[in-house]
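> structure.txt is the file, holding compact mmCIF, C-alpha atoms and all ligand atoms:
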```
# COMPACT_ATOMS: atom_id res chain seq x y z
CA SER A 43 201.59 256.68 140.45
CA LEU A 44 201.38 253.83 138.00
CA ILE A 45 201.37 253.98 134.25
CA TYR A 46 200.48 251.25 131.78
CA LEU A 47 203.17 250.47 129.22
CA ASN A 48 203.22 247.55 126.81
CA GLY A 49 201.28 245.08 128.87
CA GLU A 50 202.35 246.12 132.35
CA PHE A 51 201.16 248.39 135.11
CA GLN A 52 204.40 249.92 136.40
CA PRO A 53 205.85 252.95 138.19
CA ALA A 54 206.47 255.80 135.73
CA GLU A 55 209.98 256.35 137.15
CA SER A 56 211.27 252.97 136.02
CA ALA A 57 209.31 252.65 132.74
CA ARG A 58 211.46 252.39 129.59
CA ILE A 59 210.85 253.14 125.92
CA SER A 60 213.39 252.36 123.20
CA PRO A 61 215.24 255.31 121.61
CA PHE A 62 214.40 253.52 118.36
CA ASP A 63 210.68 253.93 118.97
CA ARG A 64 209.29 255.50 115.80
CA ALA A 65 207.51 258.14 117.88
CA PHE A 66 210.89 259.38 119.12
CA LEU A 67 212.61 259.18 115.72
CA PHE A 68 209.79 260.21 113.37
CA GLY A 69 207.04 261.68 115.53
CA GLU A 70 204.93 258.73 114.43
CA GLY A 71 202.14 258.19 116.89
CA ILE A 72 198.62 259.07 117.91
CA TYR A 73 196.89 259.83 121.19
CA GLU A 74 193.62 260.35 123.02
CA VAL A 75 192.62 262.29 126.13
CA CYS A 76 189.45 261.22 127.92
CA LEU A 77 187.74 263.02 130.81
CA LEU A 78 187.02 261.10 134.02
CA VAL A 79 184.25 262.30 136.35
CA ASN A 80 183.19 260.46 139.50
CA GLY A 81 184.82 257.26 138.29
CA ARG A 82 183.18 257.35 134.83
CA PHE A 83 184.95 258.17 131.56
CA VAL A 84 182.98 260.58 129.38
CA ASP A 85 182.22 259.46 125.81
CA MET A 86 184.90 256.76 125.95
CA ASP A 87 183.28 255.04 122.93
CA SER A 88 183.80 258.14 120.77
CA HIS A 89 187.41 258.45 121.91
CA LEU A 90 188.16 254.81 121.12
CA ALA A 91 186.41 255.09 117.76
CA ARG A 92 188.59 258.11 116.94
CA LEU A 93 191.67 256.17 118.10
CA ASP A 94 190.78 253.43 115.61
CA ARG A 95 190.28 256.00 112.84
CA SER A 96 193.63 257.65 113.61
CA LEU A 97 195.39 254.25 113.63
CA ALA A 98 193.82 253.28 110.30
CA ALA A 99 194.63 256.66 108.73
CA CYS A 100 198.32 256.24 109.66
CA GLY A 101 198.43 252.61 108.60
CA MET A 102 199.39 251.64 112.13
CA THR A 103 198.75 248.21 113.62
CA PRO A 104 196.56 248.47 116.75
CA PRO A 105 198.19 247.38 120.01
CA PRO A 106 197.42 243.78 120.98
CA GLU A 107 195.42 245.06 123.99
CA ARG A 108 192.94 246.90 121.75
CA PRO A 109 189.99 244.60 122.64
CA GLN A 110 190.59 245.09 126.38
CA LEU A 111 191.55 248.76 126.19
CA GLU A 112 188.53 250.18 127.97
CA ARG A 113 188.97 247.76 130.87
CA ILE A 114 192.71 248.52 131.13
CA ILE A 115 192.11 252.29 131.21
CA ASN A 116 189.50 251.89 133.95
CA ASP A 117 191.80 249.51 135.81
CA LEU A 118 194.67 252.02 135.75
CA ALA A 119 192.43 254.80 137.11
CA ARG A 120 191.23 252.47 139.88
CA ARG A 121 194.76 251.34 140.78
CA ASN A 122 195.86 254.98 140.95
CA GLY A 123 192.82 255.94 143.02
CA VAL A 124 191.89 258.57 140.43
CA THR A 125 188.13 259.22 140.15
CA ASN A 126 188.24 262.75 138.73
CA GLY A 127 190.77 263.69 136.08
CA LEU A 128 191.82 262.30 132.74
CA ALA A 129 193.35 259.36 130.96
CA TYR A 130 195.98 260.02 128.31
CA LEU A 131 196.76 257.20 125.94
CA GLN A 132 199.30 257.03 123.20
CA VAL A 133 199.98 254.43 120.53
CA THR A 134 203.09 254.32 118.37
CA PRO A 135 204.33 251.71 115.86
CA GLY A 136 207.09 250.70 118.30
CA ALA A 137 210.81 250.35 117.58
CA THR A 138 212.42 249.79 114.17
CA PRO A 139 215.85 250.56 112.71
CA ARG A 140 216.19 254.26 111.87
CA SER A 141 214.75 253.99 108.40
CA PHE A 142 211.70 255.88 107.15
CA THR A 143 210.07 252.80 105.72
CA ALA A 144 211.17 250.10 108.15
CA VAL A 145 208.32 247.77 109.06
CA PRO A 146 207.81 247.25 112.80
CA GLN A 147 208.45 243.68 113.90
CA ASP A 148 207.59 244.09 117.57
CA ARG A 149 204.32 245.08 119.17
CA ALA A 150 202.92 248.61 118.92
CA THR A 151 203.84 250.79 121.88
CA LEU A 152 200.86 251.47 124.12
CA PHE A 153 201.28 253.99 126.92
CA ILE A 154 198.49 255.08 129.28
CA LEU A 155 198.60 257.53 132.18
CA THR A 156 195.94 258.90 134.48
CA GLN A 157 196.00 262.30 136.10
CA ALA A 158 193.86 263.52 139.00
CA GLN A 159 192.28 266.92 138.36
CA ASP A 160 188.91 268.51 139.00
CA PHE A 161 188.10 269.89 135.56
CA LEU A 162 184.49 270.63 136.55
CA SER A 163 185.51 273.31 139.02
CA ALA A 164 188.10 275.09 136.85
CA PRO A 165 187.75 278.89 137.26
CA HIS A 166 187.84 279.43 133.47
CA LEU A 167 184.47 277.65 133.13
CA SER A 168 182.76 280.77 134.43
CA ARG A 169 185.51 283.35 133.93
CA GLY A 170 186.41 282.35 130.39
CA ILE A 171 189.67 282.55 128.46
CA THR A 172 191.33 285.01 126.09
CA VAL A 173 192.68 283.93 122.72
CA GLN A 174 195.07 285.11 120.06
CA VAL A 175 194.21 284.36 116.42
CA GLN A 176 197.15 282.82 114.59
CA PRO A 177 197.67 281.32 111.12
CA ASP A 178 197.08 277.56 111.06
CA ILE A 179 200.56 276.35 110.13
CA ARG A 180 199.74 272.67 110.73
CA TRP A 181 199.69 269.91 108.14
CA LEU A 182 196.55 268.96 106.21
CA HIS A 183 195.52 265.84 108.09
CA ARG A 184 194.32 267.52 111.24
CA ASP A 185 191.57 264.92 111.52
CA ILE A 186 194.28 262.51 112.71
CA LYS A 187 195.03 262.99 116.41
CA THR A 188 198.78 262.82 115.96
CA ILE A 189 201.43 263.42 118.63
CA MET A 190 203.20 265.78 116.17
CA LEU A 191 202.18 268.79 118.22
CA LEU A 192 205.03 271.24 117.57
CA PRO A 193 202.77 273.81 115.82
CA GLN A 194 200.35 273.70 118.77
CA VAL A 195 203.16 274.05 121.30
CA MET A 196 204.56 277.03 119.37
CA ALA A 197 201.12 278.66 119.06
CA LYS A 198 200.29 278.20 122.74
CA ARG A 199 203.70 279.55 123.80
CA SER A 200 203.27 282.57 121.53
CA ALA A 201 199.78 283.22 122.93
CA LEU A 202 201.07 282.99 126.50
CA ALA A 203 204.02 285.27 125.75
CA ASN A 204 201.54 287.83 124.39
CA GLY A 205 199.32 287.67 127.45
CA PHE A 206 196.60 285.35 126.09
CA ASP A 207 195.42 282.01 127.44
CA ASP A 208 195.18 280.14 124.14
CA THR A 209 195.02 280.31 120.36
CA ILE A 210 192.43 280.09 117.60
CA PHE A 211 193.84 278.92 114.28
CA ILE A 212 192.75 280.49 111.01
CA ASP A 213 193.31 279.26 107.45
CA GLU A 214 192.43 280.76 104.06
CA GLN A 215 188.75 279.80 104.49
CA GLY A 216 188.12 280.86 108.07
CA ILE A 217 188.77 279.69 111.60
CA THR A 218 189.68 276.03 111.85
CA GLU A 219 189.76 275.25 115.58
CA GLY A 220 191.58 276.06 118.81
CA SER A 221 195.08 274.73 119.43
CA SER A 222 193.52 271.81 121.33
CA SER A 223 189.79 272.52 121.17
CA ASN A 224 186.94 273.10 118.73
CA ILE A 225 185.37 276.55 118.36
CA PHE A 226 181.69 277.49 118.26
CA ILE A 227 180.09 280.89 117.80
CA VAL A 228 176.56 281.97 118.64
CA THR A 229 175.03 284.35 116.09
CA ASP A 230 172.76 287.33 116.84
CA ALA A 231 169.83 285.05 115.93
CA GLY A 232 170.96 282.54 118.57
CA THR A 233 172.16 279.94 116.06
CA LEU A 234 175.12 277.79 117.01
CA VAL A 235 177.81 277.61 114.31
CA THR A 236 180.93 275.48 114.08
CA ARG A 237 183.18 274.49 111.19
CA PRO A 238 182.12 271.33 109.32
CA LEU A 239 184.31 268.25 109.74
CA SER A 240 187.03 267.70 107.16
CA ASP A 241 190.74 266.92 107.21
CA HIS A 242 191.30 270.58 108.22
CA LEU A 243 190.28 270.01 111.86
CA LEU A 244 189.92 267.35 114.52
CA ALA A 245 186.51 265.76 115.04
CA GLY A 246 186.19 266.61 118.72
CA CYS A 247 184.20 264.18 120.84
CA THR A 248 182.99 267.11 122.95
CA ARG A 249 182.07 269.04 119.77
CA GLN A 250 179.80 266.18 118.71
CA ARG A 251 178.25 265.86 122.16
CA ILE A 252 177.52 269.61 122.29
CA ILE A 253 175.89 269.52 118.85
CA THR A 254 173.66 266.66 120.01
CA LEU A 255 172.76 268.33 123.32
CA ALA A 256 172.05 271.65 121.56
CA ARG A 257 169.75 270.02 119.00
CA ASP A 258 168.01 268.06 121.78
CA ALA A 259 167.39 271.40 123.50
CA GLY A 260 165.74 272.70 120.31
CA MET A 261 168.60 274.93 119.21
CA THR A 262 169.62 275.40 115.57
CA VAL A 263 173.14 274.17 114.81
CA GLU A 264 174.89 274.97 111.54
CA GLU A 265 178.12 273.33 110.46
CA ARG A 266 179.73 275.81 108.10
CA ILE A 267 182.81 277.97 107.68
CA ILE A 268 183.20 280.86 110.15
CA THR A 269 185.14 283.79 108.72
CA ARG A 270 187.49 285.96 110.76
CA ASP A 271 184.99 288.79 110.37
CA GLU A 272 182.08 286.72 111.64
CA LEU A 273 184.19 285.60 114.61
CA SER A 274 184.81 289.24 115.54
CA ARG A 275 181.11 290.11 115.35
CA ALA A 276 179.79 287.08 117.26
CA PRO A 277 178.08 287.93 120.56
CA GLU A 278 179.27 284.62 122.05
CA VAL A 279 182.23 282.39 121.28
CA PHE A 280 183.25 279.24 123.13
CA ALA A 281 185.72 276.37 122.94
CA THR A 282 185.07 272.67 123.59
CA SER A 283 187.40 269.81 124.49
CA ALA A 284 187.61 266.88 126.89
CA THR A 285 189.43 269.01 129.46
CA TYR A 286 187.93 272.45 128.69
CA LEU A 287 184.39 271.06 128.59
CA VAL A 288 182.63 274.25 127.40
CA VAL A 289 184.75 277.35 127.99
CA PRO A 290 183.64 280.89 127.12
CA ILE A 291 186.07 282.96 125.05
CA THR A 292 185.88 286.47 126.42
CA ARG A 293 188.54 288.27 124.40
CA ILE A 294 189.88 287.65 120.88
CA ASP A 295 193.09 289.56 120.18
CA ASP A 296 192.28 293.06 121.50
CA HIS A 297 188.53 292.79 121.05
CA VAL A 298 186.15 291.91 123.90
CA VAL A 299 183.47 289.32 123.06
CA GLY A 300 179.95 290.36 124.08
CA ASP A 301 180.10 291.95 127.52
CA GLY A 302 183.30 290.11 128.40
CA GLY A 303 181.56 287.49 130.51
CA ILE A 304 179.94 284.13 129.84
CA GLY A 305 177.03 284.44 127.37
CA THR A 306 173.54 283.06 127.96
CA VAL A 307 173.70 280.35 125.31
CA THR A 308 177.22 279.34 126.32
CA ARG A 309 176.13 279.04 129.95
CA ARG A 310 173.10 276.99 128.98
CA LEU A 311 175.20 274.55 126.94
CA GLN A 312 177.87 274.36 129.62
CA GLU A 313 175.19 273.47 132.18
CA ALA A 314 173.62 270.93 129.83
CA TYR A 315 177.01 269.30 129.24
CA ILE A 316 177.84 269.14 132.95
CA ALA A 317 174.37 267.72 133.66
CA PHE A 318 174.99 265.07 130.97
CA ILE A 319 178.31 264.13 132.58
CA ARG A 320 176.85 263.99 136.07
CA ALA A 321 173.99 261.80 134.87
CA LEU A 322 176.56 259.37 133.36
CA ALA A 323 178.44 259.25 136.63
CA ALA A 324 175.24 258.53 138.55
CA THR A 325 174.37 255.41 136.52
N1 LIG B 401 190.99 270.01 118.21
C1 LIG B 401 192.24 269.70 118.57
C2 LIG B 401 193.37 270.10 117.68
C3 LIG B 401 192.50 269.00 119.77
O1 LIG B 401 193.75 268.69 120.12
C4 LIG B 401 191.40 268.67 120.61
C5 LIG B 401 191.63 267.98 121.92
N2 LIG B 401 191.67 266.60 121.77
C6 LIG B 401 190.10 268.99 120.19
C7 LIG B 401 189.93 269.67 118.99
C8 LIG B 401 188.89 268.63 121.01
O2 LIG B 401 188.65 267.26 120.96
P1 LIG B 401 187.89 266.51 122.15
O3 LIG B 401 186.60 267.24 122.35
O4 LIG B 401 187.69 265.13 121.65
O5 LIG B 401 188.78 266.61 123.34
```
For the structure just supplied, provide its representation as structure tokens.


Amino acid sequence: SLIYLNGEFQPAESARISPFDRAFLFGEGIYEVCLLVNGRFVDMDSHLARLDRSLAACGMTPPPERPQLERIINDLARRNGVTNGLAYLQVTPGATPRSFTAVPQDRATLFILTQAQDFLSAPHLSRGITVQVQPDIRWLHRDIKTIMLLPQVMAKRSALANGFDDTIFIDEQGITEGSSSNIFIVTDAGTLVTRPLSDHLLAGCTRQRIITLARDAGMTVEERIITRDELSRAPEVFATSATYLVVPITRIDDHVVGDGGIGTVTRRLQEAYIAFIRALAAT
């Protein structure tokens, strides 16, 4: 299949990036992942807004294609014949001499790929996932969607090695987020709770959409710290992301959440989110 790299649609096999690219040398770069359903990208505006925020936060120059980005992403999906799946896009400052403070002279690197996958029929949507709680060893600008993902890779590998599907990170205040998702709990009173936005977690586009859909459905949503203790006592816990959508968490460490299946509120929000996506695709 084709990728888009620095102004050209080209076969991935022959695409080339300089070894002096600052992403390779310094891990300097940011990315986005956007869900594609029936030929429509979900909340593309939010993803591109976050891309702009990440670029600004890193002091990176946007790629010259920035004004046409949405069209290029759609074009790539069409050329690849992908109607259900995702687009991954990555921006780096491009190549410079190997110096921390070198100023890029060339264009920013822009890389886009599409991947066909039916995320709406993933078994974990109904079956749920199990998670291991691990200390959040990441840096303190987690609001920037950086490609520096070593802590996430290590956490996910550790979870897998211990028989879990994924990880929830915890810091000195409470749970921050999943390794690549945001976490919500439902309280006994039926209130939805998720950690407030700050530089301690990523502002998930799905998180925001779920908050909006929940409030539209008349539910109470609180953005506040969730302690480890509260997480353990919650009758329902779920994770949100562009590729998870809304996924029930059925076991946390060695403790079963609720009755070990998908909770009523989680199911309701999952259905509302899928209905929202399908309505987009129908327009
Ligand atoms: N937190 C982290 C650390 C992530 O990597 C992701 C996935 N992008 C999310 C949250 C969820 O964000 P979104 O809903 O925009 O996919």

> From the set A:Phe161, A:Thr151, A:Leu128, A:Arg95, which residue has the shortest atom-to-atom contact distance to Arg58 in chain A, counting all atoms listed in the file?

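Among A:Phe161, A:Thr151, A:Leu128, A:Arg95, it is A:Thr151 that comes nearest to Arg58 in chain A.
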
> Find the spatial neighbours of Ala317 in chain A, counting all atoms listed in the file, within a cut-off of 12 Å - ignore same-chain residues fewer than 4 positions away - and output them as a PyMOL selection string.

chain A and resi 79+84+162+252+255+287+310-313+321-324

> Considering only C-alpha atoms and all ligand atoms, give me a table of residues in chain A that are at most 8 Å from ligand LIG 401 (chain B), with the closest atom pair and distance in Å for each, as a Markdown table.


```
| residue | atom | partner | partner_atom | distance |
| --- | --- | --- | --- | --- |
| A:Glu74 | CA | B:LIG401 | N2 | 6.7 |
| A:Val75 | CA | B:LIG401 | N2 | 6.2 |
| A:Cys76 | CA | B:LIG401 | O5 | 7.1 |
| A:His89 | CA | B:LIG401 | O4 | 6.7 |
| A:Arg184 | CA | B:LIG401 | C2 | 7.0 |
| A:Lys187 | CA | B:LIG401 | O1 | 6.9 |
| A:Gln194 | CA | B:LIG401 | C2 | 7.9 |
| A:Glu219 | CA | B:LIG401 | N1 | 6.0 |
| A:Gly220 | CA | B:LIG401 | N1 | 6.1 |
| A:Ser221 | CA | B:LIG401 | C2 | 5.2 |
| A:Ser222 | CA | B:LIG401 | O1 | 3.4 |
| A:Ser223 | CA | B:LIG401 | C7 | 3.6 |
| A:Asn224 | CA | B:LIG401 | C7 | 4.6 |
| A:Leu243 | CA | B:LIG401 | N1 | 6.4 |
| A:Leu244 | CA | B:LIG401 | N1 | 4.7 |
| A:Ala245 | CA | B:LIG401 | O2 | 6.5 |
| A:Gly246 | CA | B:LIG401 | O2 | 3.4 |
| A:Cys247 | CA | B:LIG401 | O4 | 3.7 |
| A:Thr248 | CA | B:LIG401 | O3 | 3.7 |
| A:Arg249 | CA | B:LIG401 | O3 | 5.5 |
| A:Gln250 | CA | B:LIG401 | O3 | 7.8 |
| A:Thr282 | CA | B:LIG401 | O3 | 5.8 |
| A:Ser283 | CA | B:LIG401 | O3 | 3.4 |
| A:Ala284 | CA | B:LIG401 | O5 | 3.7 |
| A:Thr285 | CA | B:LIG401 | O5 | 6.6 |
| A:Tyr286 | CA | B:LIG401 | O5 | 8.0 |
| A:Leu287 | CA | B:LIG401 | O3 | 7.6 |
```

> Expressed in Å to a single decimal, how great is the separation between CA of Ala158 in chain A and CA of Ala314 in chain A?

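Between CA of Ala158 in chain A and CA of Ala314 in chain A the gap works out to 23.4 Å.
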
> Point out the residue among A:Gly205, A:Leu239, A:Met261, A:Ile171 with the least atom-to-atom distance to Val298 in chain A, counting only C-alpha atoms.

A:Ile171

> When distances are computed from all atoms listed in the file, which of A:Gln159, A:Thr325, A:Ser240, A:Ser96 shows the smallest separation from Glu70 in chain A?

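Going through A:Gln159, A:Thr325, A:Ser240, A:Ser96 one by one, the smallest distance to Glu70 in chain A is for A:Ser96.
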
> Could I get range 82-109 of chain A rebuilt with N, CA and C atoms, written as a PDB file, in the coordinates of the input?


```pdb
ATOM      1  N   ARG A  82     183.682 257.708 136.150  1.00  0.00           N
ATOM      2  CA  ARG A  82     183.180 257.350 134.830  1.00  0.00           C
ATOM      3  C   ARG A  82     183.881 258.147 133.739  1.00  0.00           C
ATOM      4  N   PHE A  83     184.368 257.461 132.697  1.00  0.00           N
ATOM      5  CA  PHE A  83     184.950 258.170 131.560  1.00  0.00           C
ATOM      6  C   PHE A  83     183.832 258.689 130.663  1.00  0.00           C
ATOM      7  N   VAL A  84     184.009 259.918 130.181  1.00  0.00           N
ATOM      8  CA  VAL A  84     182.980 260.580 129.380  1.00  0.00           C
ATOM      9  C   VAL A  84     183.194 260.281 127.894  1.00  0.00           C
ATOM     10  N   ASP A  85     182.172 259.749 127.256  1.00  0.00           N
ATOM     11  CA  ASP A  85     182.220 259.460 125.810  1.00  0.00           C
ATOM     12  C   ASP A  85     183.439 258.628 125.412  1.00  0.00           C
ATOM     13  N   MET A  86     183.762 257.656 126.241  1.00  0.00           N
ATOM     14  CA  MET A  86     184.900 256.760 125.950  1.00  0.00           C
ATOM     15  C   MET A  86     184.745 256.079 124.582  1.00  0.00           C
ATOM     16  N   ASP A  87     183.507 255.698 124.225  1.00  0.00           N
ATOM     17  CA  ASP A  87     183.280 255.040 122.930  1.00  0.00           C
ATOM     18  C   ASP A  87     183.736 255.921 121.769  1.00  0.00           C
ATOM     19  N   SER A  88     183.404 257.218 121.843  1.00  0.00           N
ATOM     20  CA  SER A  88     183.800 258.140 120.770  1.00  0.00           C
ATOM     21  C   SER A  88     185.317 258.273 120.706  1.00  0.00           C
ATOM     22  N   HIS A  89     185.954 258.321 121.881  1.00  0.00           N
ATOM     23  CA  HIS A  89     187.410 258.450 121.910  1.00  0.00           C
ATOM     24  C   HIS A  89     188.080 257.210 121.309  1.00  0.00           C
ATOM     25  N   LEU A  90     187.561 256.032 121.650  1.00  0.00           N
ATOM     26  CA  LEU A  90     188.160 254.810 121.120  1.00  0.00           C
ATOM     27  C   LEU A  90     187.882 254.651 119.631  1.00  0.00           C
ATOM     28  N   ALA A  91     186.716 255.132 119.198  1.00  0.00           N
ATOM     29  CA  ALA A  91     186.410 255.090 117.760  1.00  0.00           C
ATOM     30  C   ALA A  91     187.367 256.006 116.999  1.00  0.00           C
ATOM     31  N   ARG A  92     187.651 257.190 117.586  1.00  0.00           N
ATOM     32  CA  ARG A  92     188.590 258.110 116.940  1.00  0.00           C
ATOM     33  C   ARG A  92     190.002 257.536 116.943  1.00  0.00           C
ATOM     34  N   LEU A  93     190.367 256.845 118.041  1.00  0.00           N
ATOM     35  CA  LEU A  93     191.670 256.170 118.100  1.00  0.00           C
ATOM     36  C   LEU A  93     191.799 255.186 116.935  1.00  0.00           C
ATOM     37  N   ASP A  94     190.758 254.398 116.717  1.00  0.00           N
ATOM     38  CA  ASP A  94     190.780 253.430 115.610  1.00  0.00           C
ATOM     39  C   ASP A  94     190.899 254.130 114.258  1.00  0.00           C
ATOM     40  N   ARG A  95     190.193 255.248 114.106  1.00  0.00           N
ATOM     41  CA  ARG A  95     190.280 256.000 112.840  1.00  0.00           C
ATOM     42  C   ARG A  95     191.682 256.558 112.643  1.00  0.00           C
ATOM     43  N   SER A  96     192.285 257.102 113.720  1.00  0.00           N
ATOM     44  CA  SER A  96     193.630 257.650 113.610  1.00  0.00           C
ATOM     45  C   SER A  96     194.624 256.543 113.247  1.00  0.00           C
ATOM     46  N   LEU A  97     194.492 255.391 113.912  1.00  0.00           N
ATOM     47  CA  LEU A  97     195.390 254.250 113.630  1.00  0.00           C
ATOM     48  C   LEU A  97     195.281 253.853 112.165  1.00  0.00           C
ATOM     49  N   ALA A  98     194.049 253.708 111.688  1.00  0.00           N
ATOM     50  CA  ALA A  98     193.820 253.280 110.300  1.00  0.00           C
ATOM     51  C   ALA A  98     194.392 254.314 109.334  1.00  0.00           C
ATOM     52  N   ALA A  99     194.170 255.606 109.636  1.00  0.00           N
ATOM     53  CA  ALA A  99     194.630 256.660 108.730  1.00  0.00           C
ATOM     54  C   ALA A  99     196.150 256.678 108.617  1.00  0.00           C
ATOM     55  N   CYS A 100     196.855 256.265 109.677  1.00  0.00           N
ATOM     56  CA  CYS A 100     198.320 256.240 109.660  1.00  0.00           C
ATOM     57  C   CYS A 100     198.854 254.879 109.241  1.00  0.00           C
ATOM     58  N   GLY A 101     197.983 253.954 108.977  1.00  0.00           N
ATOM     59  CA  GLY A 101     198.430 252.610 108.600  1.00  0.00           C
ATOM     60  C   GLY A 101     199.134 251.904 109.745  1.00  0.00           C
ATOM     61  N   MET A 102     198.745 252.242 110.968  1.00  0.00           N
ATOM     62  CA  MET A 102     199.390 251.640 112.130  1.00  0.00           C
ATOM     63  C   MET A 102     198.615 250.421 112.620  1.00  0.00           C
ATOM     64  N   THR A 103     199.355 249.406 113.051  1.00  0.00           N
ATOM     65  CA  THR A 103     198.750 248.210 113.620  1.00  0.00           C
ATOM     66  C   THR A 103     198.269 248.532 115.036  1.00  0.00           C
ATOM     67  N   PRO A 104     197.028 248.212 115.377  1.00  0.00           N
ATOM     68  CA  PRO A 104     196.560 248.470 116.750  1.00  0.00           C
ATOM     69  C   PRO A 104     197.378 247.666 117.747  1.00  0.00           C
ATOM     70  N   PRO A 105     197.484 248.153 118.979  1.00  0.00           N
ATOM     71  CA  PRO A 105     198.190 247.380 120.010  1.00  0.00           C
ATOM     72  C   PRO A 105     197.411 246.098 120.298  1.00  0.00           C
ATOM     73  N   PRO A 106     198.110 245.048 120.731  1.00  0.00           N
ATOM     74  CA  PRO A 106     197.420 243.780 120.980  1.00  0.00           C
ATOM     75  C   PRO A 106     196.331 243.889 122.057  1.00  0.00           C
ATOM     76  N   GLU A 107     196.435 244.889 122.924  1.00  0.00           N
ATOM     77  CA  GLU A 107     195.420 245.060 123.990  1.00  0.00           C
ATOM     78  C   GLU A 107     194.151 245.730 123.497  1.00  0.00           C
ATOM     79  N   ARG A 108     194.079 246.093 122.214  1.00  0.00           N
ATOM     80  CA  ARG A 108     192.940 246.900 121.750  1.00  0.00           C
ATOM     81  C   ARG A 108     191.571 246.384 122.243  1.00  0.00           C
ATOM     82  N   PRO A 109     191.308 245.064 122.183  1.00  0.00           N
ATOM     83  CA  PRO A 109     189.990 244.600 122.640  1.00  0.00           C
ATOM     84  C   PRO A 109     189.719 244.844 124.127  1.00  0.00           C
TER      85      PRO A 109
END
```
